[in-house]
$ cat structure-v2.txt   # compact mmCIF, C-alpha atoms and all ligand atoms
# COMPACT_ATOMS: atom_id res chain seq x y z
CA MET A 22 -30.62 1.10 -3.30
CA SER A 23 -33.61 -0.77 -4.68
CA HIS A 24 -32.90 -3.43 -7.25
CA VAL A 25 -36.30 -2.78 -8.85
CA MET A 26 -36.16 -0.50 -11.89
CA SER A 27 -37.47 2.91 -11.18
CA THR A 28 -40.50 2.99 -13.49
CA TYR A 29 -42.98 4.22 -10.85
CA ALA A 30 -43.02 7.14 -8.42
CA ARG A 31 -44.43 4.97 -5.65
CA GLN A 32 -46.26 5.98 -2.48
CA PRO A 33 -44.11 4.95 0.51
CA LEU A 34 -46.64 2.40 1.69
CA ALA A 35 -47.15 -1.35 1.33
CA PHE A 36 -50.31 -3.31 2.07
CA THR A 37 -50.35 -6.72 3.62
CA ARG A 38 -54.02 -7.74 3.40
CA GLY A 39 -57.18 -7.04 1.46
CA GLU A 40 -60.79 -7.47 2.60
CA GLY A 41 -63.50 -6.55 0.10
CA VAL A 42 -63.27 -2.80 -0.51
CA PHE A 43 -60.58 -2.30 2.14
CA LEU A 44 -56.79 -2.65 2.15
CA ILE A 45 -54.82 -3.06 5.36
CA ASP A 46 -51.19 -2.02 5.89
CA ALA A 47 -48.52 -3.63 8.08
CA ALA A 48 -49.51 -1.45 11.05
CA GLY A 49 -53.12 -2.64 10.80
CA LYS A 50 -54.48 0.65 9.42
CA ARG A 51 -57.51 0.21 7.12
CA TYR A 52 -57.93 2.11 3.87
CA LEU A 53 -61.09 2.42 1.79
CA ASP A 54 -60.01 1.45 -1.72
CA ALA A 55 -61.46 3.71 -4.43
CA LEU A 56 -58.71 2.74 -6.89
CA ALA A 57 -59.05 -1.07 -6.86
CA GLY A 58 -55.56 -1.71 -8.23
CA VAL A 59 -56.41 0.67 -11.10
CA ALA A 60 -59.87 -0.66 -12.01
CA VAL A 61 -58.74 -4.28 -11.60
CA ILE A 62 -60.25 -5.52 -8.33
CA SER A 63 -63.87 -5.38 -9.55
CA ILE A 64 -65.25 -8.03 -7.19
CA GLY A 65 -63.32 -6.75 -4.14
CA HIS A 66 -60.07 -7.93 -2.60
CA CYS A 67 -59.57 -11.62 -1.90
CA HIS A 68 -63.14 -12.66 -2.69
CA PRO A 69 -63.47 -16.18 -1.21
CA LYS A 70 -64.84 -17.62 -4.49
CA LEU A 71 -61.90 -16.22 -6.46
CA ALA A 72 -59.37 -17.35 -3.84
CA LYS A 73 -60.87 -20.84 -3.88
CA ALA A 74 -60.96 -21.05 -7.68
CA ILE A 75 -57.28 -20.05 -7.89
CA SER A 76 -56.27 -22.40 -5.12
CA ASP A 77 -58.22 -25.39 -6.49
CA GLN A 78 -56.84 -24.84 -9.98
CA ALA A 79 -53.29 -24.42 -8.69
CA HIS A 80 -53.58 -27.82 -7.03
CA SER A 81 -54.75 -29.58 -10.20
CA LEU A 82 -53.00 -27.87 -13.17
CA ILE A 83 -51.54 -24.41 -13.74
CA HIS A 84 -50.13 -24.33 -17.26
CA THR A 85 -49.83 -26.54 -20.32
CA SER A 86 -49.15 -24.05 -23.19
CA ASN A 87 -51.42 -23.33 -26.13
CA ILE A 88 -49.99 -26.32 -27.99
CA PHE A 89 -52.83 -28.28 -26.35
CA ASN A 90 -56.54 -27.72 -25.94
CA ILE A 91 -57.38 -25.77 -22.82
CA THR A 92 -60.96 -26.51 -21.79
CA LEU A 93 -61.17 -23.62 -19.34
CA GLN A 94 -60.09 -21.23 -22.11
CA GLU A 95 -62.90 -22.55 -24.33
CA LYS A 96 -65.33 -22.08 -21.46
CA LEU A 97 -64.16 -18.55 -20.73
CA ALA A 98 -64.39 -17.62 -24.42
CA ASP A 99 -67.98 -18.96 -24.49
CA ARG A 100 -68.93 -16.86 -21.47
CA LEU A 101 -67.31 -13.68 -22.84
CA CYS A 102 -68.98 -14.11 -26.23
CA GLU A 103 -72.31 -14.73 -24.50
CA VAL A 104 -72.24 -11.39 -22.64
CA SER A 105 -70.67 -9.39 -25.49
CA GLY A 106 -72.22 -10.84 -28.64
CA MET A 107 -68.73 -11.18 -30.12
CA ASP A 108 -67.67 -14.30 -32.07
CA ASN A 109 -64.29 -15.36 -30.70
CA VAL A 110 -61.43 -14.46 -28.37
CA PHE A 111 -57.63 -14.40 -28.29
CA PHE A 112 -56.23 -14.59 -24.75
CA CYS A 113 -53.09 -12.80 -23.56
CA ASN A 114 -51.82 -11.39 -20.26
CA SER A 115 -52.43 -7.64 -20.22
CA GLY A 116 -54.18 -4.69 -21.79
CA CYS A 117 -51.32 -3.64 -24.04
CA GLU A 118 -51.01 -7.18 -25.38
CA ALA A 119 -54.74 -7.26 -26.11
CA ASN A 120 -54.31 -4.01 -28.06
CA GLU A 121 -51.26 -5.40 -29.87
CA ALA A 122 -53.49 -8.25 -31.05
CA ALA A 123 -56.11 -5.72 -32.20
CA ILE A 124 -53.46 -3.72 -34.09
CA LYS A 125 -52.23 -6.88 -35.80
CA LEU A 126 -55.82 -7.76 -36.79
CA ALA A 127 -56.24 -4.29 -38.32
CA ARG A 128 -53.03 -4.68 -40.32
CA LEU A 129 -54.07 -8.15 -41.56
CA HIS A 130 -57.43 -6.69 -42.54
CA GLY A 131 -55.62 -3.97 -44.53
CA HIS A 132 -53.18 -6.28 -46.27
CA LYS A 133 -56.06 -8.55 -47.26
CA LYS A 134 -57.52 -5.56 -49.10
CA GLY A 135 -54.18 -4.83 -50.78
CA ILE A 136 -53.32 -1.81 -48.59
CA GLU A 137 -49.56 -1.85 -48.09
CA VAL A 138 -49.28 0.71 -45.29
CA PRO A 139 -52.45 0.08 -43.29
CA THR A 140 -53.25 3.02 -41.04
CA ILE A 141 -55.23 3.02 -37.80
CA ILE A 142 -57.02 6.15 -36.59
CA VAL A 143 -56.34 6.83 -32.90
CA THR A 144 -57.32 9.74 -30.69
CA GLU A 145 -55.88 12.37 -28.43
CA LYS A 146 -56.29 11.82 -24.65
CA SER A 147 -56.15 8.04 -25.25
CA PHE A 148 -54.13 5.42 -23.41
CA HIS A 149 -53.52 2.02 -24.97
CA GLY A 150 -50.41 0.72 -23.19
CA ARG A 151 -46.62 0.89 -23.02
CA THR A 152 -45.39 -1.46 -25.76
CA MET A 153 -44.00 0.24 -28.86
CA ALA A 154 -47.18 -0.13 -30.93
CA THR A 155 -49.52 0.78 -28.09
CA LEU A 156 -47.50 3.77 -26.90
CA THR A 157 -47.52 4.97 -30.51
CA ALA A 158 -51.31 4.63 -30.47
CA THR A 159 -51.52 6.45 -27.12
CA GLY A 160 -52.44 10.14 -27.31
CA SER A 161 -49.90 11.40 -24.80
CA ARG A 162 -46.47 12.83 -25.58
CA LYS A 163 -45.37 12.00 -22.03
CA VAL A 164 -45.84 8.30 -22.75
CA GLN A 165 -43.99 8.51 -26.08
CA ALA A 166 -41.12 10.91 -25.30
CA GLY A 167 -37.71 9.25 -25.45
CA PHE A 168 -38.89 6.17 -27.32
CA GLU A 169 -38.76 7.46 -30.86
CA PRO A 170 -38.79 6.28 -33.58
CA LEU A 171 -42.49 5.54 -33.10
CA LEU A 172 -44.28 3.12 -35.40
CA ALA A 173 -45.71 4.09 -38.77
CA GLY A 174 -49.35 3.46 -39.58
CA PHE A 175 -51.26 5.64 -37.11
CA ALA A 176 -53.26 8.82 -37.75
CA ARG A 177 -54.39 10.93 -34.80
CA VAL A 178 -57.63 12.90 -34.38
CA PRO A 179 -59.07 14.73 -31.36
CA TYR A 180 -61.26 12.59 -29.08
CA ASP A 181 -65.01 12.92 -29.59
CA ASP A 182 -64.56 14.69 -32.93
CA LEU A 183 -66.49 13.05 -35.77
CA THR A 184 -65.66 15.77 -38.29
CA ALA A 185 -61.96 15.03 -37.92
CA VAL A 186 -62.59 11.33 -38.54
CA ARG A 187 -64.64 12.11 -41.66
CA GLN A 188 -61.82 14.33 -42.91
CA VAL A 189 -59.30 11.52 -42.54
CA ALA A 190 -61.77 9.19 -44.29
CA ALA A 191 -61.94 11.58 -47.25
CA ASN A 192 -58.18 12.10 -47.54
CA ASN A 193 -56.45 8.89 -46.48
CA LYS A 194 -57.14 5.77 -48.49
CA ASP A 195 -54.82 3.69 -46.28
CA VAL A 196 -57.07 3.76 -43.20
CA VAL A 197 -58.21 0.28 -42.15
CA ALA A 198 -59.51 0.74 -38.60
CA ILE A 199 -60.22 3.10 -35.75
CA LEU A 200 -59.09 2.30 -32.20
CA VAL A 201 -60.85 4.23 -29.45
CA GLU A 202 -61.87 4.04 -25.78
CA PRO A 203 -65.64 4.35 -25.10
CA ILE A 204 -64.69 6.62 -22.16
CA THR A 205 -61.08 7.75 -21.71
CA GLY A 206 -59.53 6.26 -18.59
CA GLU A 207 -55.98 7.53 -18.07
CA GLY A 208 -56.88 10.54 -20.23
CA GLY A 209 -59.21 11.91 -17.53
CA ILE A 210 -62.65 10.20 -17.71
CA HIS A 211 -63.90 12.04 -20.80
CA ILE A 212 -67.34 10.87 -21.94
CA PRO A 213 -67.98 11.44 -25.64
CA ALA A 214 -71.21 12.73 -27.17
CA GLU A 215 -74.15 10.33 -27.11
CA ASN A 216 -73.85 9.53 -30.84
CA TYR A 217 -70.04 9.22 -30.99
CA LEU A 218 -69.73 5.43 -31.12
CA SER A 219 -72.79 4.91 -33.32
CA GLU A 220 -71.48 7.46 -35.84
CA LEU A 221 -68.03 5.85 -35.73
CA ARG A 222 -69.76 2.53 -36.43
CA ALA A 223 -71.47 4.07 -39.46
CA ILE A 224 -68.22 5.62 -40.76
CA CYS A 225 -66.44 2.27 -40.35
CA ASP A 226 -69.21 0.48 -42.24
CA GLN A 227 -69.14 3.03 -45.07
CA ASN A 228 -65.38 2.69 -45.47
CA GLY A 229 -64.79 -0.97 -44.69
CA TRP A 230 -62.81 -0.13 -41.53
CA LEU A 231 -62.77 -2.15 -38.34
CA LEU A 232 -64.27 -0.44 -35.28
CA MET A 233 -61.89 -1.47 -32.50
CA LEU A 234 -62.81 -0.53 -28.94
CA ASP A 235 -60.26 -0.50 -26.14
CA GLU A 236 -62.42 -1.61 -23.21
CA VAL A 237 -59.47 -2.53 -21.01
CA GLN A 238 -60.72 -0.06 -18.39
CA THR A 239 -64.42 0.41 -19.33
CA GLY A 240 -65.14 -3.31 -19.74
CA MET A 241 -66.26 -6.03 -17.33
CA GLY A 242 -69.06 -4.01 -15.73
CA ARG A 243 -67.13 -0.89 -14.81
CA THR A 244 -69.60 1.55 -16.41
CA GLY A 245 -72.77 -0.26 -15.27
CA LYS A 246 -73.08 -2.43 -18.39
CA TRP A 247 -70.87 -5.37 -19.25
CA PHE A 248 -69.04 -3.22 -21.78
CA GLY A 249 -68.88 0.54 -22.22
CA HIS A 250 -70.12 0.43 -25.81
CA GLN A 251 -73.35 -1.28 -24.76
CA HIS A 252 -74.64 2.14 -23.65
CA SER A 253 -74.61 3.12 -27.34
CA GLY A 254 -76.13 -0.02 -28.84
CA VAL A 255 -73.27 -0.61 -31.28
CA ARG A 256 -71.25 -3.76 -31.78
CA PRO A 257 -67.53 -3.38 -32.44
CA ASP A 258 -65.51 -5.58 -34.81
CA VAL A 259 -62.77 -5.87 -32.23
CA MET A 260 -62.81 -5.26 -28.47
CA THR A 261 -59.96 -5.52 -26.00
CA LEU A 262 -60.21 -6.40 -22.29
CA ALA A 263 -57.84 -6.85 -19.36
CA LYS A 264 -57.86 -4.99 -16.00
CA GLY A 265 -61.12 -6.23 -14.35
CA LEU A 266 -61.21 -9.52 -16.26
CA GLY A 267 -59.07 -11.59 -13.91
CA GLY A 268 -59.88 -9.92 -10.58
CA GLY A 269 -56.14 -9.35 -10.09
CA MET A 270 -54.81 -12.36 -11.98
CA PRO A 271 -53.00 -11.14 -15.11
CA ILE A 272 -55.17 -11.88 -18.14
CA GLY A 273 -56.12 -9.93 -21.26
CA ALA A 274 -58.41 -10.69 -24.17
CA CYS A 275 -58.95 -9.53 -27.73
CA LEU A 276 -62.46 -10.32 -28.97
CA ALA A 277 -63.54 -10.18 -32.59
CA SER A 278 -66.78 -10.43 -34.52
CA GLY A 279 -67.71 -10.84 -38.17
CA PRO A 280 -64.88 -10.98 -40.75
CA ALA A 281 -62.34 -9.82 -38.11
CA ALA A 282 -62.94 -13.10 -36.26
CA SER A 283 -61.31 -15.19 -39.00
CA LEU A 284 -58.22 -13.04 -39.71
CA PHE A 285 -55.90 -14.89 -37.33
CA GLN A 286 -54.91 -18.35 -38.53
CA PRO A 287 -52.36 -20.72 -36.97
CA GLY A 288 -48.91 -19.14 -36.93
CA LYS A 289 -50.14 -15.52 -37.07
CA HIS A 290 -50.18 -14.77 -33.35
CA GLY A 291 -49.56 -16.41 -30.02
CA SER A 292 -48.59 -16.18 -26.37
CA THR A 293 -46.82 -18.63 -24.07
CA PHE A 294 -48.89 -17.77 -21.01
CA GLY A 295 -52.01 -16.35 -22.66
CA GLY A 296 -55.20 -18.01 -21.45
CA ASN A 297 -53.49 -20.57 -19.23
CA LEU A 298 -55.58 -22.64 -16.86
CA LEU A 299 -54.88 -20.62 -13.73
CA ALA A 300 -55.75 -17.27 -15.32
CA CYS A 301 -58.90 -18.68 -16.97
CA ALA A 302 -60.09 -20.28 -13.71
CA ALA A 303 -59.76 -16.88 -12.07
CA ALA A 304 -61.61 -15.03 -14.83
CA LEU A 305 -64.44 -17.60 -14.78
CA ALA A 306 -64.79 -17.07 -11.02
CA VAL A 307 -64.87 -13.29 -11.57
CA LEU A 308 -67.68 -13.69 -14.12
CA ASP A 309 -69.60 -15.93 -11.69
CA VAL A 310 -69.32 -13.41 -8.87
CA LEU A 311 -70.24 -10.46 -11.11
CA GLN A 312 -73.41 -12.32 -12.13
CA GLU A 313 -74.36 -13.93 -8.79
CA GLU A 314 -73.88 -10.73 -6.81
CA LYS A 315 -75.34 -8.49 -9.54
CA LEU A 316 -72.29 -6.26 -9.40
CA VAL A 317 -72.79 -4.75 -12.86
CA GLU A 318 -76.19 -3.50 -11.77
CA ASN A 319 -74.64 -2.37 -8.49
CA ALA A 320 -72.08 -0.30 -10.42
CA THR A 321 -74.99 1.65 -11.92
CA SER A 322 -76.87 2.23 -8.68
CA THR A 323 -73.91 3.00 -6.41
CA GLY A 324 -72.30 5.03 -9.20
CA GLU A 325 -75.40 7.18 -9.64
CA TYR A 326 -75.70 7.65 -5.88
CA LEU A 327 -72.04 8.60 -5.49
CA MET A 328 -72.05 10.96 -8.44
CA SER A 329 -75.17 12.79 -7.29
CA ARG A 330 -73.77 13.08 -3.76
CA LEU A 331 -70.48 14.48 -5.08
CA ARG A 332 -72.33 16.86 -7.40
CA SER A 333 -74.51 18.25 -4.62
CA GLU A 334 -71.61 18.57 -2.17
CA PHE A 335 -69.43 20.37 -4.70
CA THR A 336 -72.12 22.66 -6.11
CA GLY A 337 -70.79 26.20 -6.12
CA VAL A 338 -67.37 25.14 -4.80
CA PRO A 339 -64.88 27.19 -6.81
CA GLY A 340 -62.08 25.03 -8.17
CA VAL A 341 -64.24 22.01 -9.00
CA THR A 342 -64.59 22.27 -12.77
CA GLN A 343 -66.68 19.20 -13.56
CA ILE A 344 -67.83 15.88 -12.13
CA ARG A 345 -68.40 13.24 -14.78
CA GLY A 346 -68.66 9.51 -14.98
CA ARG A 347 -70.66 6.42 -15.75
CA GLY A 348 -71.21 3.56 -13.34
CA LEU A 349 -68.22 3.31 -11.03
CA MET A 350 -65.85 5.20 -13.31
CA ILE A 351 -65.94 8.75 -12.01
CA GLY A 352 -63.72 11.78 -12.48
CA ILE A 353 -63.68 15.00 -10.46
CA GLU A 354 -61.88 17.63 -12.51
CA LEU A 355 -60.27 20.49 -10.63
CA ASP A 356 -58.97 23.78 -12.01
CA ARG A 357 -55.42 22.95 -10.86
CA ASN A 358 -52.98 20.05 -10.67
CA CYS A 359 -53.84 17.92 -7.67
CA GLY A 360 -51.42 14.99 -7.40
CA GLU A 361 -50.79 16.00 -3.75
CA LEU A 362 -54.31 14.79 -2.94
CA VAL A 363 -53.16 11.17 -3.19
CA PRO A 364 -50.85 11.12 -0.09
CA MET A 365 -53.26 13.42 1.77
CA ALA A 366 -56.09 10.92 1.16
CA LEU A 367 -53.88 8.00 2.25
CA GLU A 368 -53.27 9.76 5.54
CA ARG A 369 -57.05 9.90 6.03
CA GLY A 370 -57.49 6.22 5.13
CA LEU A 371 -58.63 6.56 1.53
CA ILE A 372 -57.01 5.33 -1.68
CA ILE A 373 -57.67 7.51 -4.73
CA ASN A 374 -55.80 8.28 -7.90
CA VAL A 375 -55.16 11.44 -9.89
CA THR A 376 -54.92 11.18 -13.66
CA ALA A 377 -54.27 13.74 -16.42
CA ASP A 378 -52.75 15.96 -13.66
CA ASN A 379 -56.01 17.51 -12.48
CA VAL A 380 -58.66 14.77 -12.41
CA VAL A 381 -59.40 12.77 -9.25
CA ARG A 382 -60.27 9.32 -10.56
CA LEU A 383 -62.58 7.01 -8.64
CA VAL A 384 -62.70 3.40 -9.88
CA PRO A 385 -63.61 1.43 -6.74
CA PRO A 386 -64.59 -2.25 -6.65
CA LEU A 387 -67.99 -2.83 -8.27
CA SER A 388 -69.09 -4.27 -4.92
CA PHE A 389 -69.04 -0.73 -3.47
CA SER A 390 -72.23 -0.15 -1.45
CA VAL A 391 -74.08 3.07 -0.70
CA GLU A 392 -72.48 2.96 2.78
CA HIS A 393 -69.03 2.75 1.19
CA ALA A 394 -69.95 5.66 -1.08
CA ASP A 395 -70.98 7.67 1.99
CA LEU A 396 -67.71 6.82 3.74
CA LEU A 397 -65.80 7.86 0.64
CA GLY A 398 -67.72 11.13 0.44
CA SER A 399 -67.16 11.89 4.12
CA ILE A 400 -63.38 11.65 3.61
CA LEU A 401 -62.97 12.98 0.08
CA VAL A 402 -65.28 16.01 0.10
CA PRO A 403 -63.64 17.83 3.06
CA LEU A 404 -60.22 16.81 1.73
CA ILE A 405 -60.82 18.43 -1.66
CA ARG A 406 -62.41 21.50 -0.02
CA ASP A 407 -59.37 21.92 2.26
CA PHE A 408 -57.02 21.41 -0.65
CA LEU A 409 -58.79 23.95 -2.83
CA SER A 410 -58.82 26.59 -0.11
CA SER A 411 -55.11 26.17 0.69
CA ALA A 412 -53.46 25.35 -2.66
CA PRO A 413 -53.04 28.26 -5.04
CA ALA A 414 -54.90 27.86 -8.31
CA ARG A 415 -52.49 27.02 -11.07
CA SER A 416 -53.28 26.55 -14.70
CA ALA A 417 -54.05 22.89 -15.23
CA ALA A 418 -52.02 20.92 -17.75
C1 LIG A 501 -54.59 0.16 -18.44
C2 LIG A 501 -54.97 0.31 -19.84
C3 LIG A 501 -54.24 -0.29 -20.89
C4 LIG A 501 -52.94 -1.03 -20.64
O1 LIG A 501 -53.11 -2.18 -19.90
P1 LIG A 501 -51.83 -2.96 -19.32
O2 LIG A 501 -52.42 -4.19 -18.71
O3 LIG A 501 -51.18 -2.06 -18.32
O4 LIG A 501 -50.93 -3.24 -20.46
C5 LIG A 501 -54.71 -0.16 -22.17
N1 LIG A 501 -55.84 0.53 -22.44
C6 LIG A 501 -56.57 1.11 -21.48
C7 LIG A 501 -57.81 1.83 -21.84
C8 LIG A 501 -56.16 1.04 -20.15
O5 LIG A 501 -56.88 1.65 -19.20
$ encode --input "structure-v2.txt" --output "structure tokens"
Amino acid sequence: MSHVMSTYARQPLAFTRGEGVFLIDAAGKRYLDALAGVAVISIGHCHPKLAKAISDQAHSLIHTSNIFNITLQEKLADRLCEVSGMDNVFFCNSGCEANEAAIKLARLHGHKKGIEVPTIIVTEKSFHGRTMATLTATGSRKVQAGFEPLLAGFARVPYDDLTAVRQVAANNKDVVAILVEPITGEGGIHIPAENYLSELRAICDQNGWLLMLDEVQTGMGRTGKWFGHQHSGVRPDVMTLAKGLGGGMPIGACLASGPAASLFQPGKHGSTFGGNLLACAAALAVLDVLQEEKLVENATSTGEYLMSRLRSEFTGVPGVTQIRGRGLMIGIELDRNCGELVPMALERGLIINVTADNVVRLVPPLSFSVEHADLLGSILVPLIRDFLSSAPARSAA
């Protein structure tokens, strides 16, 4: 019996090596990686610059605690603010922790205005993490079931529904913020209407709410811009990052701008590991590689190529409901549950993921080339066609 708690239904497979966009198992079999450790390995596996940065830092200093100045943390905050236009950063170790920091900022913002039960608007189809506050914020009963009582102070609206937000604005004087993903990740790669974020920005401004964007999955170049919201020309008050930020080293960040940037004062929040030297050295190397190798731009060009190839190959194929995405964050929605595609793809040397039961999610490294996209298509397209012609259509969840 395994001594590891059974929180994951794991594929019976372990990898021993990574090379760019490929993973290699113990038997030497190569797999094209279109999952990238769930949108984490943005610069590819074991990039020599990242490996060197981690190794060099490990030999000089790994951790000191936030009781002292950490120069690399200052440097990383400068770089992140430079590409985002935000004012300052709190560093932590994961996406849920970054969202916890955002939730605490929203509550401080509310209490400052004399609101005793500050309420945050969150959406259906969202995923914000597995801590108690972030699973409460998450729009999925599956994530919440069994962990009641959930936290107070959240109001839920459908995703991409401005009318519902305006209704809450009119009826609930306790609202202090809205927390939303620019594109839903775990929820099935749903892309909101063109004006969604800019209208949310306007509603927040009218009501004195914080616009808080969970960019844990959409950030760090994934959608073909540094951050998902940059497609809409808005600036959030709070933005959270993790996944791609450390290239596989655990690091998260909560960025703030304007009044939200001065809410935290000494004693209000903290983290033992957050922003330690090793994690910051890794994130700085990731930023260097993203810029030097123009990987954000590459996410746009390879993403557009891959999406148009998938669209043309699946035109008129019954069972493929919709193909949607931005940059290298792509979802292929089928008319039936399709979790079985994951082991079938592994057999053919391809790593994919299925989310929201019936959406094939592709979030490969941002270093994916057109040749990699072609290889992916040559495996995935016949696989999905075979699957659709043999698996009975069932109503999707
Ligand atoms: C993955 C994810 C999280 C949670 O991140 P962890 O590092 O697993 O805590 C939060 N929000 C979004 C949008 C995510 O995709």
$ residues_near_ligand --input "structure-v2.txt" --ligand "ligand LIG 501 (chain A)" --cutoff "7 Å" --atoms "all atoms listed in the file" --output "list in words"
Ser115, Gly116, Cys117, Glu118, Phe148, His149, Gly150, Arg151, Glu202, Thr205, Gly206, Glu207, Asp235, Glu236, Val237, Gln238, Ala263 and Lys264 of chain A
$ closest_atom_pairs --input "structure-v2.txt" --of "region 316-411 of chain A" --to "region 33-53 of chain A" --cutoff "7 Å" --atoms "all atoms listed in the file" --output "CSV"
residue,atom,partner,partner_atom,distance
A:Gly370,CA,A:Tyr52,CA,4.3
A:Leu371,CA,A:Leu53,CA,4.8
A:Ile372,CA,A:Leu53,CA,6.1
A:Pro386,CA,A:Val42,CA,6.3
A:Phe389,CA,A:Val42,CA,6.8
$ closest_residue --input "structure-v2.txt" --among "A:Arg256, A:Ala191, A:Gly360, A:Leu200" --to "Ser219 (chain A)" --atoms "only C-alpha atoms"
A:Arg256
$ residues_around --input "structure-v2.txt" --residues "Ser388 (chain A)" --least-positions-apart "4" --cutoff "9 Å" --atoms "all atoms listed in the file" --output "VMD selection string"
chain A and resid 41 to 42 63 to 65 311 314 to 317 319 to 320 323
$ closest_residue --input "structure-v2.txt" --among "A:Ala158, A:Ala119, A:Ala214, A:Ala223" --to "Gly291 (chain A)" --atoms "all atoms listed in the file"
A:Ala119
$ residues_around --input "structure-v2.txt" --residues "Val197 (chain A)" --least-positions-apart "5" --cutoff "10 Å" --atoms "all atoms listed in the file" --output "list in words"
Leu126, Ala127, Arg128, Leu129, His130, Gly131, His132, Lys134, Ile136, Val138, Pro139, Thr140, Ile141, Ile142, Gly174, Ala190, Cys225, Asn228, Gly229, Trp230, Leu231 and Leu232 of chain A
$ axis_aligned_box --input "structure-v2.txt" --around "region 163-172 of chain A" --padding-each-side "3 Å" --output "JSON"
{"center_x": -41.8, "center_y": 7.6, "center_z": -28.7, "size_x": 14.1, "size_y": 14.9, "size_z": 19.4}
$ residues_near_point --input "structure-v2.txt" --point "(-69.0, -18.5, -22.1)" --cutoff "12 Å" --atoms "only C-alpha atoms" --output "count of residues only"
25
$ closest_residue --input "structure-v2.txt" --among "A:Arg332, A:His84, A:Lys194, A:Lys163" --to "Ala176 (chain A)" --atoms "all atoms listed in the file"
A:Lys194
$ atom_distance --input "structure-v2.txt" --atom1 "CA of Val307 (chain A)" --atom2 "CA of Ser253 (chain A)"
24.8 Å
$ closest_residue --input "structure-v2.txt" --among "A:Leu183, A:Ala72, A:Ala123, A:Leu327" --to "Thr155 (chain A)" --atoms "all atoms listed in the file"
A:Ala123
$ decode --input "structure-v2.txt" --residues "region 114-125 of chain A" --atoms "N, CA, C and O atoms" --output "CSV table (one decimal), in the first residue's frame"
chain,number,residue,atom,x,y,z
A,114,ASN,N,4.0,30.6,-2.4
A,114,ASN,CA,4.6,29.4,-3.0
A,114,ASN,C,3.6,28.7,-3.9
A,114,ASN,O,4.0,27.6,-4.5
A,115,SER,N,2.4,29.2,-4.1
A,115,SER,CA,1.5,28.5,-5.0
A,115,SER,C,0.3,29.4,-5.4
A,115,SER,O,0.2,30.5,-4.9
A,116,GLY,N,-0.5,28.9,-6.3
A,116,GLY,CA,-1.6,29.7,-6.8
A,116,GLY,C,-2.7,30.0,-5.7
A,116,GLY,O,-3.2,31.1,-5.5
A,117,CYS,N,-3.0,28.9,-4.9
A,117,CYS,CA,-4.0,29.1,-3.9
A,117,CYS,C,-3.6,30.2,-2.8
A,117,CYS,O,-4.3,31.0,-2.4
A,118,GLU,N,-2.3,30.1,-2.5
A,118,GLU,CA,-1.8,31.1,-1.5
A,118,GLU,C,-1.8,32.5,-2.1
A,118,GLU,O,-2.0,33.5,-1.4
A,119,ALA,N,-1.5,32.6,-3.4
A,119,ALA,CA,-1.6,34.0,-4.0
A,119,ALA,C,-3.0,34.5,-3.9
A,119,ALA,O,-3.3,35.7,-3.6
A,120,ASN,N,-4.0,33.6,-4.2
A,120,ASN,CA,-5.4,34.0,-4.1
A,120,ASN,C,-5.8,34.3,-2.6
A,120,ASN,O,-6.7,35.1,-2.4
A,121,GLU,N,-5.3,33.5,-1.7
A,121,GLU,CA,-5.5,33.8,-0.3
A,121,GLU,C,-5.1,35.2,0.0
A,121,GLU,O,-5.8,36.0,0.7
A,122,ALA,N,-3.9,35.6,-0.5
A,122,ALA,CA,-3.4,37.0,-0.2
A,122,ALA,C,-4.4,38.0,-0.9
A,122,ALA,O,-4.7,39.0,-0.2
A,123,ALA,N,-4.9,37.7,-2.1
A,123,ALA,CA,-5.9,38.6,-2.7
A,123,ALA,C,-7.1,38.7,-1.9
A,123,ALA,O,-7.7,39.8,-1.7
A,124,ILE,N,-7.6,37.6,-1.4
A,124,ILE,CA,-8.9,37.6,-0.6
A,124,ILE,C,-8.7,38.4,0.7
A,124,ILE,O,-9.5,39.2,1.1
A,125,LYS,N,-7.5,38.3,1.3
A,125,LYS,CA,-7.2,39.1,2.5
A,125,LYS,C,-7.1,40.6,2.2
A,125,LYS,O,-7.6,41.4,2.9
